[in-house]
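As provided, input15.tsv (TSV, C-alpha atoms) reads as follows.
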```tsv
chain	number	residue	atom	x	y	z
A	1	MET	CA	69.90	-8.17	-253.26
A	2	VAL	CA	70.09	-4.69	-251.74
A	3	VAL	CA	67.53	-2.24	-253.05
A	4	THR	CA	68.68	1.35	-253.03
A	5	PHE	CA	66.13	4.08	-252.44
A	6	LYS	CA	67.15	7.41	-253.89
A	7	VAL	CA	65.64	10.85	-254.26
A	8	THR	CA	67.51	13.27	-256.49
A	9	GLY	CA	66.38	16.73	-257.41
A	10	GLY	CA	66.82	19.66	-259.64
A	11	GLU	CA	65.06	22.66	-261.11
A	12	GLN	CA	63.67	23.19	-264.57
A	13	GLY	CA	62.24	26.65	-264.97
A	14	GLU	CA	59.57	27.26	-262.33
A	15	TRP	CA	59.39	23.53	-261.53
A	16	ALA	CA	61.31	21.59	-258.91
A	17	VAL	CA	61.76	17.98	-260.06
A	18	LEU	CA	62.38	15.09	-257.69
A	19	GLN	CA	63.35	11.75	-259.23
A	20	VAL	CA	62.46	8.88	-256.94
A	21	SER	CA	63.79	5.35	-257.40
A	22	GLY	CA	63.50	2.08	-255.50
A	23	GLU	CA	60.82	1.06	-253.02
A	24	LEU	CA	58.55	3.70	-251.51
A	25	ASP	CA	57.52	2.10	-248.24
A	26	LEU	CA	57.33	2.56	-244.46
A	27	VAL	CA	61.12	2.81	-244.18
A	28	THR	CA	61.79	5.13	-247.13
A	29	SER	CA	58.67	7.32	-247.30
A	30	PRO	CA	59.88	9.70	-244.55
A	31	VAL	CA	62.86	10.54	-246.79
A	32	LEU	CA	60.56	11.60	-249.63
A	33	ARG	CA	58.28	13.48	-247.22
A	34	GLN	CA	61.26	15.48	-245.95
A	35	ARG	CA	62.52	16.24	-249.46
A	36	VAL	CA	59.07	17.55	-250.47
A	37	HIS	CA	58.99	19.75	-247.36
A	38	ASP	CA	62.50	21.02	-248.14
A	39	VAL	CA	61.50	21.92	-251.70
A	40	VAL	CA	58.48	23.88	-250.46
A	41	ALA	CA	60.52	25.54	-247.71
A	42	ASP	CA	62.95	26.68	-250.41
A	43	GLY	CA	60.07	28.53	-252.07
A	44	HIS	CA	59.13	26.08	-254.84
A	45	HIS	CA	55.39	25.56	-255.19
A	46	CYS	CA	55.45	23.74	-258.54
A	47	LEU	CA	56.69	20.19	-258.06
A	48	VAL	CA	57.10	17.21	-260.36
A	49	LEU	CA	57.58	13.84	-258.67
A	50	ASP	CA	59.12	11.43	-261.16
A	51	LEU	CA	58.04	8.01	-259.92
A	52	SER	CA	59.00	6.14	-263.09
A	53	GLU	CA	61.77	4.25	-261.24
A	54	VAL	CA	59.63	3.31	-258.23
A	55	PHE	CA	58.82	-0.38	-258.48
A	56	PHE	CA	57.01	-0.81	-255.14
A	57	CYS	CA	54.75	1.54	-253.21
A	58	ASP	CA	52.83	0.69	-250.05
A	59	SER	CA	50.19	2.65	-248.15
A	60	SER	CA	52.78	4.79	-246.37
A	61	GLY	CA	54.15	5.84	-249.77
A	62	VAL	CA	50.64	6.71	-250.95
A	63	GLY	CA	50.22	8.69	-247.74
A	64	VAL	CA	53.30	10.74	-248.57
A	65	LEU	CA	51.95	11.46	-252.07
A	66	ILE	CA	48.61	12.61	-250.64
A	67	ALA	CA	50.36	14.72	-248.00
A	68	ALA	CA	52.54	16.28	-250.73
A	69	ARG	CA	49.41	17.12	-252.71
A	70	ARG	CA	47.83	18.74	-249.64
A	71	LEU	CA	50.99	20.74	-248.86
A	72	ILE	CA	51.41	22.00	-252.43
A	73	ARG	CA	47.71	22.92	-252.68
A	74	SER	CA	47.95	24.87	-249.41
A	75	CYS	CA	50.58	27.02	-251.16
A	76	GLN	CA	48.41	27.42	-254.27
A	77	GLY	CA	51.03	25.38	-256.10
A	78	ARG	CA	50.92	22.53	-258.60
A	79	LEU	CA	51.93	18.90	-258.16
A	80	ARG	CA	52.44	16.54	-261.09
A	81	LEU	CA	53.34	12.86	-260.94
A	82	VAL	CA	55.33	11.07	-263.62
A	83	LEU	CA	54.49	7.44	-264.11
A	84	PRO	CA	56.04	5.62	-267.06
A	85	ALA	CA	54.25	5.86	-270.38
A	86	ARG	CA	53.92	2.07	-270.36
A	87	GLY	CA	51.88	2.54	-267.18
A	88	ALA	CA	48.90	3.67	-269.22
A	89	ALA	CA	48.90	0.32	-271.08
A	90	ASP	CA	49.97	-2.31	-268.57
A	91	GLY	CA	49.94	-0.26	-265.39
A	92	SER	CA	53.03	0.66	-263.38
A	93	HIS	CA	52.98	-0.54	-259.79
A	94	VAL	CA	52.38	2.96	-258.38
A	95	ASN	CA	49.60	3.56	-260.92
A	96	ARG	CA	47.90	0.28	-259.93
A	97	VAL	CA	48.19	1.05	-256.21
A	98	LEU	CA	46.76	4.55	-256.63
A	99	GLY	CA	43.94	3.14	-258.75
A	100	ALA	CA	43.16	0.31	-256.33
A	101	LEU	CA	42.92	2.76	-253.44
A	102	GLY	CA	40.69	5.10	-255.46
A	103	VAL	CA	43.04	8.07	-255.18
A	104	ARG	CA	44.53	8.08	-258.71
A	105	ARG	CA	42.05	10.77	-259.78
A	106	LEU	CA	43.50	13.18	-257.18
A	107	PHE	CA	46.73	13.53	-259.14
A	108	ASP	CA	47.77	14.98	-262.48
A	109	VAL	CA	49.76	12.11	-263.97
A	110	TYR	CA	52.06	12.38	-266.99
A	111	GLY	CA	53.93	9.78	-269.00
A	112	ASP	CA	57.33	11.47	-268.75
A	113	VAL	CA	59.07	14.47	-267.23
A	114	ASP	CA	58.98	16.51	-270.46
A	115	ALA	CA	55.19	16.15	-270.66
A	116	ALA	CA	54.84	17.10	-266.98
A	117	LEU	CA	56.95	20.24	-267.47
A	118	GLY	CA	55.13	21.35	-270.62
A	119	ASP	CA	52.20	23.73	-270.44
A	120	GLU	CA	50.41	22.21	-273.39
A	121	GLY	CA	50.52	18.61	-272.15
A	122	GLU	CA	47.33	17.13	-270.78
A	123	PRO	CA	47.50	14.67	-267.90
A	124	LEU	CA	46.80	11.02	-268.65
A	125	SER	CA	43.24	10.08	-267.85
A	126	ALA	CA	42.51	8.37	-264.55
```
Take the structure in the file and give it back as structure tokens.
Amino acid sequence: MVVTFKVTGGEQGEWAVLQVSGELDLVTSPVLRQRVHDVVADGHHCLVLDLSEVFFCDSSGVGVLIAARRLIRSCQGRLRLVLPARGAADGSHVNRVLGALGVRRLFDVYGDVDAALGDEGEPLSA
């Protein structure tokens, strides 16, 4: 079985949205890192990373998420992660990895893209 890693993007208002799917690991994480840098270089400082289709994330993937947070914060921007709503109940893989490493609290996590884009939505608790 061939697993396809994909990062697709778009804009919704002031937010750039990157949808990530597949495995976020040592091989694929540089692709996401570059896409985040490209978004910021294009002048977008509000970024939503939709990780709802990521079914595996290793430490290099977590490193990219932390680096993205640092980059966005250096621009006085905002970074929001989307993990599936079911992640709050049974834990998505990315949610479990972030929690196990003790870095989940660093991120504003939302159940879906609409909640992440809304101003009235509160992040899911850590």
For range 34-41 of chain A, find every residue with an atom within 9 Å (counting all atoms listed in the file), except residues of its own chain fewer than 5 positions away, and show them as a PyMOL selection string. chain A and resi 7+9+16+18+29+46-47+68+71-72+75
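If you measure from each of A:Val17, A:Val62, A:Val97, A:Val54 to Phe5 in chain A using only C-alpha atoms, the closest one turns out to be A:Val54.
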Between A:Asp58, A:Glu14, A:Glu23, A:Asp119, smallest distance to Gly43 in chain A by all atoms listed in the file belongs to A:Glu14
In terms of all atoms listed in the file, the residue from A:Ser59, A:Gln76, A:Leu65, A:Val113 at minimal distance from Leu101 in chain A is A:Ser59
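Closest approach to Leu117 in chain A among A:Val48, A:Leu98, A:Val64, A:Leu83 is made by A:Val48 (distances from all atoms listed in the file).
The shortest atom-to-atom distance to Phe55 in chain A, with only C-alpha atoms taken into account, belongs to A:Gly22 out of A:Gly10, A:Gly77, A:Pro30, A:Gly22.
Nearest to Arg33 in chain A of all the residues A:Thr8, A:Asp50, A:His45, A:Ala67 is A:Ala67, counting all atoms listed in the file.
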